[in-house]
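Asks: For reference, this is work_10.cif, and it has mmCIF, C-alpha atoms.
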```
data_query
loop_
_atom_site.label_atom_id
_atom_site.label_comp_id
_atom_site.auth_asym_id
_atom_site.auth_seq_id
_atom_site.Cartn_x
_atom_site.Cartn_y
_atom_site.Cartn_z
CA GLU A 2 0.00 0.00 0.00
CA TRP A 3 1.42 3.35 -0.97
CA THR A 4 1.83 4.74 2.56
CA ALA A 5 4.23 1.90 3.30
CA GLU A 6 6.31 2.45 0.19
CA PRO A 7 9.39 4.64 0.56
CA VAL A 8 9.61 7.63 -1.72
CA SER A 9 12.21 6.74 -4.27
CA THR A 10 13.90 8.31 -7.18
CA GLY A 11 13.63 5.10 -9.19
CA THR A 12 15.45 6.73 -11.92
CA THR A 13 17.81 7.10 -14.79
CA ILE A 14 20.86 9.26 -14.21
CA MET A 15 23.91 9.77 -16.34
CA ALA A 16 27.12 11.76 -16.56
CA VAL A 17 29.77 12.00 -19.29
CA GLU A 18 33.20 13.65 -19.27
CA PHE A 19 34.43 15.77 -22.13
CA ASP A 20 37.53 17.89 -22.58
CA GLY A 21 36.69 20.96 -20.55
CA GLY A 22 33.86 19.72 -18.38
CA VAL A 23 31.03 17.27 -17.89
CA VAL A 24 27.47 16.80 -19.10
CA ILE A 25 25.02 15.38 -16.59
CA GLY A 26 21.43 14.33 -17.05
CA ALA A 27 18.49 12.77 -15.24
CA ASP A 28 14.80 12.02 -15.64
CA SER A 29 12.26 13.81 -13.42
CA ARG A 30 10.05 11.12 -11.90
CA THR A 31 9.73 10.42 -8.16
CA THR A 32 7.56 7.46 -7.24
CA THR A 33 5.80 6.21 -4.11
CA GLY A 34 5.15 2.65 -5.16
CA ALA A 35 3.41 3.02 -8.49
CA TYR A 36 2.13 6.58 -7.88
CA ILE A 37 4.20 9.39 -9.36
CA ALA A 38 4.65 11.72 -6.40
CA ASN A 39 6.57 14.33 -8.36
CA ARG A 40 6.69 14.40 -12.14
CA VAL A 41 9.05 17.35 -12.42
CA THR A 42 11.74 16.41 -9.87
CA ASP A 43 15.19 17.88 -10.08
CA LYS A 44 17.64 15.08 -9.42
CA LEU A 45 20.67 17.11 -10.42
CA THR A 46 21.70 18.55 -7.11
CA PRO A 47 24.54 21.05 -6.74
CA VAL A 48 26.94 20.41 -3.87
CA HIS A 49 29.17 23.27 -4.91
CA ASP A 50 29.45 25.86 -7.70
CA ARG A 51 30.95 23.49 -10.25
CA ILE A 52 30.17 20.12 -8.64
CA PHE A 53 26.86 18.32 -8.95
CA CYS A 54 25.53 14.97 -7.91
CA CYS A 55 22.93 12.82 -9.66
CA ARG A 56 20.78 10.98 -7.13
CA SER A 57 19.13 7.56 -7.41
CA GLY A 58 17.61 5.32 -4.77
CA SER A 59 15.76 6.67 -1.75
CA ALA A 60 14.86 10.35 -2.17
CA ALA A 61 15.22 11.01 1.56
CA ASP A 62 18.58 9.24 1.90
CA THR A 63 20.14 10.93 -1.08
CA GLN A 64 18.88 14.38 -0.16
CA ALA A 65 20.21 13.97 3.37
CA VAL A 66 23.64 12.80 2.24
CA ALA A 67 23.83 15.50 -0.44
CA ASP A 68 22.97 18.20 2.09
CA ALA A 69 25.66 16.92 4.44
CA VAL A 70 28.26 16.81 1.67
CA ALA A 71 27.32 20.29 0.46
CA TYR A 72 27.91 21.60 3.96
CA GLN A 73 31.24 19.80 4.31
CA LEU A 74 32.39 21.04 0.90
CA ALA A 75 31.44 24.63 1.64
CA PHE A 76 33.45 24.51 4.87
CA HIS A 77 36.38 22.78 3.19
CA SER A 78 36.39 25.28 0.34
CA VAL A 79 36.65 28.19 2.78
CA GLU A 80 39.58 26.53 4.55
CA LEU A 81 41.25 25.73 1.26
CA GLU A 82 40.64 29.20 -0.17
CA GLU A 83 40.02 27.67 -3.58
CA PRO A 84 37.29 25.66 -5.32
CA PRO A 85 37.15 22.09 -3.98
CA ARG A 86 38.16 19.18 -6.16
CA VAL A 87 35.49 16.95 -7.68
CA ARG A 88 37.40 14.01 -6.25
CA THR A 89 37.01 15.46 -2.75
CA ALA A 90 33.26 15.73 -3.20
CA ALA A 91 33.11 12.16 -4.46
CA ARG A 92 35.21 10.95 -1.54
CA LEU A 93 32.87 12.72 0.93
CA PHE A 94 29.90 10.97 -0.63
CA GLN A 95 31.72 7.68 -0.48
CA GLN A 96 32.54 8.08 3.20
CA SER A 97 28.88 8.47 4.13
CA CYS A 98 27.62 5.86 1.67
CA TYR A 99 30.14 3.25 2.81
CA ARG A 100 29.86 3.85 6.54
CA TYR A 101 26.08 3.70 6.50
CA ARG A 102 25.77 1.21 3.69
CA GLU A 103 23.31 -0.99 5.59
CA GLU A 104 20.97 1.87 6.38
CA LEU A 105 21.12 3.76 3.11
CA SER A 106 19.69 3.12 -0.31
CA ALA A 107 21.69 5.47 -2.46
CA GLY A 108 23.33 5.24 -5.84
CA ILE A 109 25.10 8.48 -6.64
CA ILE A 110 27.05 9.91 -9.54
CA VAL A 111 29.29 12.88 -8.71
CA ALA A 112 30.38 15.03 -11.62
CA GLY A 113 31.86 18.45 -12.08
CA TRP A 114 34.77 20.60 -13.06
CA ASP A 115 37.77 21.75 -11.04
CA PRO A 116 40.85 23.71 -12.09
CA ARG A 117 43.20 20.81 -11.32
CA ARG A 118 41.81 18.00 -13.41
CA GLY A 119 39.05 19.53 -15.50
CA GLY A 120 35.88 17.55 -16.04
CA GLN A 121 35.54 14.38 -13.98
CA VAL A 122 32.86 11.78 -13.35
CA TYR A 123 32.87 9.57 -10.25
CA VAL A 124 30.38 6.90 -9.36
CA VAL A 125 29.43 5.83 -5.83
CA PRO A 126 27.05 2.88 -6.26
CA MET A 127 25.19 1.12 -3.46
CA GLY A 128 27.69 -0.42 -1.11
CA GLY A 129 29.97 2.60 -1.12
CA LEU A 130 32.55 1.82 -3.77
CA LEU A 131 34.27 4.87 -5.37
CA LEU A 132 35.28 4.72 -8.99
CA ARG A 133 36.19 7.27 -11.62
CA GLN A 134 34.83 6.59 -15.11
CA PRO A 135 34.72 8.42 -18.46
CA PHE A 136 30.95 8.12 -18.22
CA ALA A 137 28.54 6.64 -15.72
CA VAL A 138 24.88 5.67 -15.54
CA GLY A 139 22.75 4.75 -12.61
CA GLY A 140 19.25 4.12 -11.35
CA SER A 141 16.67 1.53 -12.28
CA GLY A 142 16.40 2.78 -15.87
CA SER A 143 20.08 2.32 -16.52
CA SER A 144 19.66 -1.45 -16.91
CA TYR A 145 17.78 -0.92 -20.15
CA ILE A 146 20.43 1.12 -21.86
CA TYR A 147 23.71 -0.69 -21.17
CA GLY A 148 23.53 -2.19 -24.65
CA PHE A 149 22.93 1.17 -26.27
CA LEU A 150 25.78 2.73 -24.28
CA ASP A 151 28.25 -0.02 -25.11
CA ALA A 152 27.43 0.28 -28.79
CA THR A 153 27.39 4.08 -29.00
CA PHE A 154 29.92 5.53 -26.58
CA GLN A 155 33.09 6.95 -28.09
CA PRO A 156 35.84 8.49 -26.00
CA GLY A 157 36.75 12.08 -26.92
CA MET A 158 33.28 13.38 -27.73
CA SER A 159 32.66 17.12 -27.82
CA ARG A 160 30.30 18.90 -25.44
CA SER A 161 27.39 18.91 -27.87
CA GLN A 162 27.98 15.28 -28.79
CA CYS A 163 27.91 14.41 -25.11
CA GLN A 164 24.65 16.28 -24.63
CA GLU A 165 23.09 14.43 -27.53
CA PHE A 166 24.43 11.11 -26.25
CA VAL A 167 23.00 11.70 -22.77
CA ALA A 168 19.64 12.89 -24.08
CA ARG A 169 19.24 9.89 -26.37
CA ALA A 170 20.25 7.42 -23.68
CA LEU A 171 17.93 8.90 -21.07
CA ALA A 172 15.02 9.04 -23.49
CA LEU A 173 15.41 5.35 -24.30
CA ALA A 174 15.56 4.41 -20.62
CA MET A 175 12.58 6.56 -19.69
CA VAL A 176 10.39 4.88 -22.27
CA ARG A 177 11.11 1.39 -20.95
CA ASP A 178 11.46 1.97 -17.22
CA GLY A 179 8.22 2.62 -15.35
CA SER A 180 10.13 4.27 -12.54
CA SER A 181 11.71 6.82 -14.89
CA GLY A 182 9.95 9.47 -16.95
CA GLY A 183 8.81 13.06 -17.17
CA VAL A 184 11.30 15.49 -18.61
CA ILE A 185 15.04 15.23 -19.23
CA ARG A 186 17.07 17.67 -17.16
CA LEU A 187 20.53 18.31 -18.56
CA ALA A 188 23.39 20.37 -17.22
CA ALA A 189 26.77 21.17 -18.72
CA ILE A 190 29.43 22.10 -16.15
CA THR A 191 32.57 23.85 -17.31
CA GLU A 192 35.05 26.42 -16.09
CA ASP A 193 32.61 29.13 -17.21
CA GLY A 194 29.73 27.84 -15.13
CA VAL A 195 26.69 25.61 -15.24
CA GLU A 196 24.24 25.67 -18.13
CA ARG A 197 20.95 23.91 -17.48
CA THR A 198 18.40 22.80 -20.03
CA VAL A 199 15.15 20.91 -19.93
CA LEU A 200 13.93 18.62 -22.70
CA ALA A 201 10.20 18.00 -22.51
CA GLY A 202 7.52 16.30 -24.50
CA SER A 203 8.24 16.73 -28.18
CA ASP A 204 11.82 17.85 -27.49
CA LEU A 205 12.68 14.35 -26.33
CA PRO A 206 14.79 12.40 -28.85
CA GLY B 11 20.59 2.71 12.71
CA THR B 12 20.38 4.14 16.21
CA GLN B 13 17.17 4.25 18.25
CA SER B 14 17.12 6.06 21.63
CA GLY B 15 20.51 4.93 22.90
CA VAL B 16 20.36 1.39 21.58
CA THR B 17 22.75 0.71 18.72
CA THR B 18 21.52 -2.01 16.43
CA ILE B 19 24.23 -4.27 15.08
CA SER B 20 24.12 -4.76 11.33
CA VAL B 21 23.42 -8.42 10.74
CA CYS B 22 24.73 -10.29 7.76
CA ARG B 23 25.38 -7.53 5.31
CA SER B 24 24.92 -8.25 1.67
CA PRO B 25 27.73 -7.67 -0.81
CA MET B 26 26.87 -5.21 -3.58
CA VAL B 27 29.53 -4.83 -6.24
CA THR B 28 31.53 -8.04 -6.26
CA GLY B 29 34.61 -9.55 -7.79
CA THR B 30 34.87 -13.21 -8.72
CA SER B 31 37.81 -15.66 -8.50
CA VAL B 32 41.41 -14.79 -7.71
CA LEU B 33 44.09 -17.37 -8.52
CA GLY B 34 47.48 -17.83 -6.91
CA LEU B 35 50.40 -20.09 -7.74
CA LYS B 36 53.93 -20.53 -6.46
CA PHE B 37 56.66 -21.05 -9.05
CA SER B 38 60.40 -21.52 -8.90
CA GLY B 39 61.59 -18.05 -7.94
CA GLY B 40 58.38 -16.44 -6.74
CA VAL B 41 54.60 -16.29 -6.65
CA MET B 42 51.96 -15.18 -9.11
CA LEU B 43 48.38 -13.92 -8.73
CA ALA B 44 45.74 -13.47 -11.43
CA ALA B 45 42.25 -11.97 -11.42
CA ASP B 46 39.81 -10.57 -13.94
CA THR B 47 38.93 -6.88 -13.95
CA VAL B 48 35.18 -6.85 -13.57
CA GLY B 49 32.96 -5.64 -10.72
CA SER B 50 29.58 -7.34 -10.94
CA PHE B 51 26.37 -5.84 -9.62
CA GLY B 52 24.47 -9.08 -9.16
CA SER B 53 24.44 -10.62 -12.59
CA LEU B 54 25.26 -7.35 -14.34
CA ALA B 55 28.88 -6.88 -15.38
CA ARG B 56 28.69 -3.26 -14.31
CA PHE B 57 32.28 -2.03 -13.89
CA ARG B 58 34.61 -3.57 -16.41
CA GLY B 59 37.88 -1.87 -15.56
CA ILE B 60 38.38 -2.53 -11.85
CA SER B 61 41.71 -3.74 -10.55
CA ARG B 62 41.37 -6.41 -7.88
CA LEU B 63 45.10 -6.88 -7.41
CA LEU B 64 46.94 -4.50 -5.11
CA LYS B 65 50.67 -4.03 -4.70
CA VAL B 66 51.11 -3.48 -0.99
CA ASN B 67 54.88 -3.05 -0.94
CA ASP B 68 57.90 -4.30 -2.87
CA SER B 69 57.57 -7.78 -1.48
CA THR B 70 53.81 -8.34 -1.38
CA VAL B 71 50.73 -8.31 -3.55
CA ILE B 72 47.16 -9.07 -2.54
CA GLY B 73 44.16 -10.03 -4.61
CA ALA B 74 40.58 -9.83 -3.40
CA SER B 75 37.24 -11.28 -4.39
CA GLY B 76 33.90 -10.41 -2.83
CA ASP B 77 32.58 -6.97 -2.03
CA LEU B 78 34.70 -4.36 -3.74
CA ALA B 79 33.65 -1.47 -1.47
CA ASP B 80 35.07 -3.50 1.44
CA PHE B 81 38.19 -4.17 -0.62
CA GLN B 82 38.59 -0.42 -1.17
CA HIS B 83 38.31 0.03 2.59
CA LEU B 84 41.01 -2.61 3.12
CA ARG B 85 43.11 -0.92 0.47
CA GLN B 86 42.92 2.38 2.37
CA LEU B 87 43.90 0.69 5.65
CA LEU B 88 46.82 -1.09 4.00
CA GLU B 89 48.05 2.00 2.17
CA GLN B 90 48.01 3.97 5.40
CA MET B 91 49.91 1.16 7.17
CA VAL B 92 52.58 1.18 4.49
CA ILE B 93 52.94 4.97 4.72
CA ASP B 94 53.22 4.85 8.51
CA GLU B 95 55.86 2.19 8.18
CA GLU B 96 57.87 4.18 5.67
CA LEU B 97 57.76 7.15 8.03
CA LEU B 98 59.43 5.00 10.69
CA GLY B 99 62.32 4.74 8.27
CA ASP B 100 63.95 1.81 10.02
CA GLY B 101 64.55 -0.15 6.86
CA HIS B 102 61.92 -2.77 7.71
CA SER B 103 58.82 -3.42 5.68
CA TYR B 104 55.88 -5.70 6.34
CA SER B 105 56.54 -9.24 5.23
CA PRO B 106 53.83 -11.12 3.32
CA ARG B 107 53.44 -13.41 6.31
CA ALA B 108 52.98 -10.44 8.64
CA LEU B 109 50.36 -8.94 6.35
CA HIS B 110 48.57 -12.27 6.16
CA SER B 111 48.51 -12.45 9.93
CA TRP B 112 47.24 -8.87 10.21
CA LEU B 113 44.50 -9.44 7.64
CA THR B 114 43.42 -12.60 9.43
CA ARG B 115 43.04 -10.70 12.70
CA VAL B 116 41.10 -7.89 11.03
CA LEU B 117 38.72 -10.18 9.17
CA TYR B 118 38.20 -12.52 12.11
CA ASN B 119 37.44 -9.66 14.47
CA ARG B 120 34.95 -8.14 12.05
CA ARG B 121 33.18 -11.48 11.68
CA SER B 122 33.11 -11.81 15.46
CA LYS B 123 31.19 -8.54 15.59
CA ILE B 124 28.75 -9.91 13.02
CA ASN B 125 29.86 -7.18 10.64
CA PRO B 126 32.23 -8.90 8.22
CA LEU B 127 34.33 -7.46 5.48
CA TRP B 128 32.84 -9.55 2.72
CA ASN B 129 36.06 -10.54 1.00
CA THR B 130 38.27 -13.52 0.31
CA VAL B 131 41.87 -12.37 0.01
CA LEU B 132 44.98 -14.02 -1.38
CA ILE B 133 48.35 -12.73 -0.21
CA ALA B 134 51.40 -13.44 -2.32
CA GLY B 135 54.98 -12.37 -1.72
CA VAL B 136 58.67 -13.07 -1.58
CA TYR B 137 60.56 -12.15 1.58
CA GLY B 138 63.97 -13.20 2.81
CA GLY B 139 64.41 -15.48 -0.16
CA GLU B 140 61.25 -17.41 0.62
CA SER B 141 57.99 -17.28 -1.32
CA PHE B 142 54.66 -17.03 0.46
CA LEU B 143 51.11 -17.66 -0.69
CA GLY B 144 48.26 -17.32 1.82
CA TYR B 145 44.48 -17.19 1.95
CA VAL B 146 42.07 -15.40 4.32
CA ASP B 147 38.34 -15.22 3.99
CA MET B 148 35.52 -13.21 5.54
CA LEU B 149 35.22 -15.68 8.44
CA GLY B 150 38.87 -15.36 9.31
CA VAL B 151 39.74 -18.84 8.01
CA ALA B 152 43.39 -18.65 7.02
CA TYR B 153 45.90 -21.01 5.50
CA GLU B 154 48.85 -21.26 3.15
CA ALA B 155 49.44 -23.51 0.17
CA GLN B 156 51.40 -23.87 -3.04
CA SER B 157 48.32 -23.01 -5.08
CA LEU B 158 45.14 -21.17 -4.11
CA ALA B 159 41.93 -20.00 -5.68
CA THR B 160 38.85 -18.16 -4.43
CA GLY B 161 35.24 -18.31 -5.51
CA PHE B 162 34.51 -20.40 -8.55
CA GLY B 163 38.22 -20.86 -8.98
CA ALA B 164 38.27 -23.11 -5.92
CA TYR B 165 36.13 -25.62 -7.81
CA LEU B 166 37.38 -25.23 -11.36
CA ALA B 167 40.94 -23.91 -11.21
CA GLN B 168 42.37 -25.44 -8.02
CA PRO B 169 42.25 -29.05 -9.39
CA LEU B 170 44.10 -27.92 -12.49
CA LEU B 171 46.69 -26.07 -10.43
CA ARG B 172 47.20 -28.99 -8.05
CA ALA B 173 47.51 -31.52 -10.86
CA GLU B 174 50.29 -29.47 -12.39
CA LEU B 175 52.06 -29.03 -9.06
CA GLU B 176 51.89 -32.76 -8.36
CA ARG B 177 53.40 -33.49 -11.74
CA GLU B 178 56.23 -31.09 -10.99
CA GLN B 179 56.64 -32.49 -7.49
CA ASP B 180 57.40 -35.91 -8.98
CA ARG B 181 60.37 -34.28 -10.59
CA ASP B 182 61.14 -32.48 -7.34
CA ARG B 183 60.64 -28.94 -8.56
CA LEU B 184 58.16 -26.08 -8.96
CA PRO B 185 56.95 -24.81 -12.34
CA THR B 186 59.01 -22.10 -14.04
CA GLN B 187 57.66 -18.57 -14.29
CA GLU B 188 56.56 -19.10 -17.91
CA GLU B 189 54.87 -22.40 -17.06
CA ALA B 190 53.08 -20.82 -14.13
CA ARG B 191 51.90 -17.93 -16.26
CA GLU B 192 50.64 -20.25 -18.95
CA LEU B 193 48.85 -22.39 -16.38
CA LEU B 194 47.12 -19.41 -14.75
CA GLU B 195 45.98 -18.15 -18.13
CA ARG B 196 44.60 -21.59 -18.95
CA CYS B 197 42.69 -21.57 -15.65
CA LEU B 198 41.35 -18.08 -16.32
CA LYS B 199 40.11 -19.28 -19.69
CA VAL B 200 38.26 -22.20 -18.08
CA LEU B 201 36.75 -19.78 -15.60
CA TYR B 202 35.70 -17.49 -18.43
CA TYR B 203 33.93 -20.42 -20.10
CA ARG B 204 32.20 -21.62 -16.97
CA ASP B 205 31.82 -18.75 -14.49
CA ALA B 206 28.86 -16.58 -15.41
CA ARG B 207 30.25 -13.67 -13.40
CA SER B 208 33.65 -13.60 -15.08
CA PHE B 209 35.08 -11.44 -17.81
CA ASN B 210 37.76 -11.87 -20.43
CA ARG B 211 39.97 -9.02 -19.30
CA TYR B 212 42.43 -9.77 -16.53
CA GLU B 213 45.55 -8.74 -14.66
CA VAL B 214 48.55 -10.73 -13.47
CA ALA B 215 50.87 -9.85 -10.60
CA THR B 216 54.26 -11.53 -10.30
CA VAL B 217 56.44 -11.28 -7.19
CA THR B 218 60.06 -12.36 -7.22
CA GLU B 219 63.23 -11.40 -5.39
CA LYS B 220 63.43 -8.44 -7.75
CA GLY B 221 60.07 -7.05 -6.65
CA VAL B 222 56.48 -6.80 -7.82
CA GLU B 223 55.38 -6.62 -11.43
CA LEU B 224 51.74 -5.87 -12.22
CA GLU B 225 50.62 -6.53 -15.79
CA GLY B 226 47.32 -5.74 -17.38
CA PRO B 227 44.67 -5.35 -18.42
CA LEU B 228 45.20 -8.23 -20.82
CA THR B 229 42.53 -9.98 -22.87
CA LEU B 230 41.77 -13.68 -22.99
CA GLU B 231 41.20 -15.40 -26.32
CA ALA B 232 38.34 -17.87 -26.13
CA ASN B 233 38.06 -20.95 -28.29
CA TRP B 234 34.58 -21.70 -29.56
CA ASP B 235 35.45 -24.42 -32.10
CA ILE B 236 33.33 -26.97 -30.32
CA ALA B 237 30.29 -24.91 -31.21
CA HIS B 238 30.64 -26.15 -34.77
CA VAL B 239 30.96 -29.75 -33.72
CA VAL B 240 27.80 -29.81 -31.63
#
```
Could you spell out this file's structure in structure tokens?

Replies:
Amino acid sequence: EWTAEPVSTGTTIMAVEFDGGVVIGADSRTTTGAYIANRVTDKLTPVHDRIFCCRSGSAADTQAVADAVAYQLAFHSVELEEPPRVRTAARLFQQSCYRYREELSAGIIVAGWDPRRGGQVYVVPMGGLLLRQPFAVGGSGSSYIYGFLDATFQPGMSRSQCQEFVARALALAMVRDGSSGGVIRLAAITEDGVERTVLAGSDLP
Amino acid sequence: GTQSGVTTISVCRSPMVTGTSVLGLKFSGGVMLAADTVGSFGSLARFRGISRLLKVNDSTVIGASGDLADFQHLRQLLEQMVIDEELLGDGHSYSPRALHSWLTRVLYNRRSKINPLWNTVLIAGVYGGESFLGYVDMLGVAYEAQSLATGFGAYLAQPLLRAELEREQDRDRLPTQEEARELLERCLKVLYYRDARSFNRYEVATVTEKGVELEGPLTLEANWDIAHVV
């Protein structure tokens, strides 16, 4: 019965690195069992100016961890007197997700840009492993697109190619996965800032 | 989680992203470990470029199967231990046997708190002219042998490894480095054919008096000729 179901971002999330930054994307559906609690969710959560996380799993768990990490990063950044590294943000997520692995249901992708290493994508799946990848997908919808990704991904894509790749992949997953849907939220993070777009309805590939 | 002062103990955690078999074999002059490079999320081969072999210091290498988040945790502990030891600067470094003993204590104590590190670890090294190959699992069961394998490898690869060692024993020697390498690759191929959680990319770590050499990722060639016969 729906009151017993946790609110989850059963989801499709994705992030791809390119030379100069990252492109991240997510669907916008939050479900409570089979009811769509929020059809315009924003799962791309900033934890710092140029560092975002894509959240999948329990909405409450991921929001709580993201809030904690955002606080820690803000503090760290003041001490450091420079923008924090993406790797630091990813490591902070990993520390919470690993320590509380039994209690949490959280699959997170951390992506962003820092002056040291440019665009980077890190994945912290359930269990609390930390891994850097050229691109990452997560959430329930990701299962349906592994084939597409394996066949289509090329290293060294440009920013616009990455955006197209992410949009196509998410659209395919959203069609097949009941827990994913709504609109596609995209964000491109570079040295110059964060550019957000929304693809809805007929805009979807 | 915590509830009004009472801490609940996590019971029987489940592994999430896992690694399959690790193989280990002693040869004349050293020890060798081999493992594939995939992290499986259940039946999904989710992360295909993970290294499950870790060079601890110049005399030891470890390979882990099981939960890879726990392996990363172990990796951090070990790396910190090695740094602390270097800072001492007394010329001593942890021997493979010492590391094996330490790992056994850590894993056994975690299991005794019903909060295991869900890993099976092989430790391979050469120290003071002697080669060492040891095994520890999530229960703290520990032993040494001439050949070892975890996971599926224990069923499929270990008999192959032992048969070869027995053949060599009759001639009173251990396999050469090349023979050992070829044997491990043959075992990895069998595992690729028969273990549904395996992958055809792998790494090999060789430890000799000269130190540790980590090779990979390499790719296995599979032979499907029998498909035409059937």

Asks: Within 7 Å of chain B, which residues of chain A show up when using all atoms listed in the file, listed as a PyMOL selection string?

Replies: chain A and resi 103-104+127-130

Asks: What's around B:Phe142 at 9 Å? Count all atoms listed in the file, leave out sequence neighbours fewer than 6 positions away in its own chain, and write the answer as a list in words.

Replies: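 In the requested form, the answer reads Lys36, Gly40, Val41, Thr70, Pro106, Arg107, Ile133, Ala134, Gly135, Val136, Glu154, Ala155 and Gln156 of chain B.
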
Asks: Could you pull the residues within 7 Å of stretch 185-193 of chain B, counting only C-alpha atoms, minus those fewer than 5 positions along the same chain, as a list in words?

Replies: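 Skipping anything fewer than 5 positions along the chain leaves Leu35, Phe37, Ser38 and Glu178 of chain B.
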
Asks: Nearest residue to B:Gly226 out of B:Gln179, B:Gln90, B:Thr47, B:Thr30, using only C-alpha atoms?

Replies: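 Between B:Gln179, B:Gln90, B:Thr47, B:Thr30, the residue approaching B:Gly226 most closely is B:Thr47.
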
Asks: If the PyMOL selection byres ((chain B and resi 205-213) around 10) is run on the structure shown, which residues does it catch, given as a VMD selection string?

Replies: chain B and resid 28 to 31 43 to 55 58 to 63 161 to 163 166 195 198 to 204 214 to 215 224 to 232

Asks: Between A:Gln95, A:Gln155, A:Ser141, A:Ser203, which is the closest to A:Asp178 once you count only C-alpha atoms?

Replies: A:Ser141

Asks: Could you check how far atom CA of A:Glu196 sits from atom CA of A:Val23, in Å to one decimal?

Replies: 10.8 Å
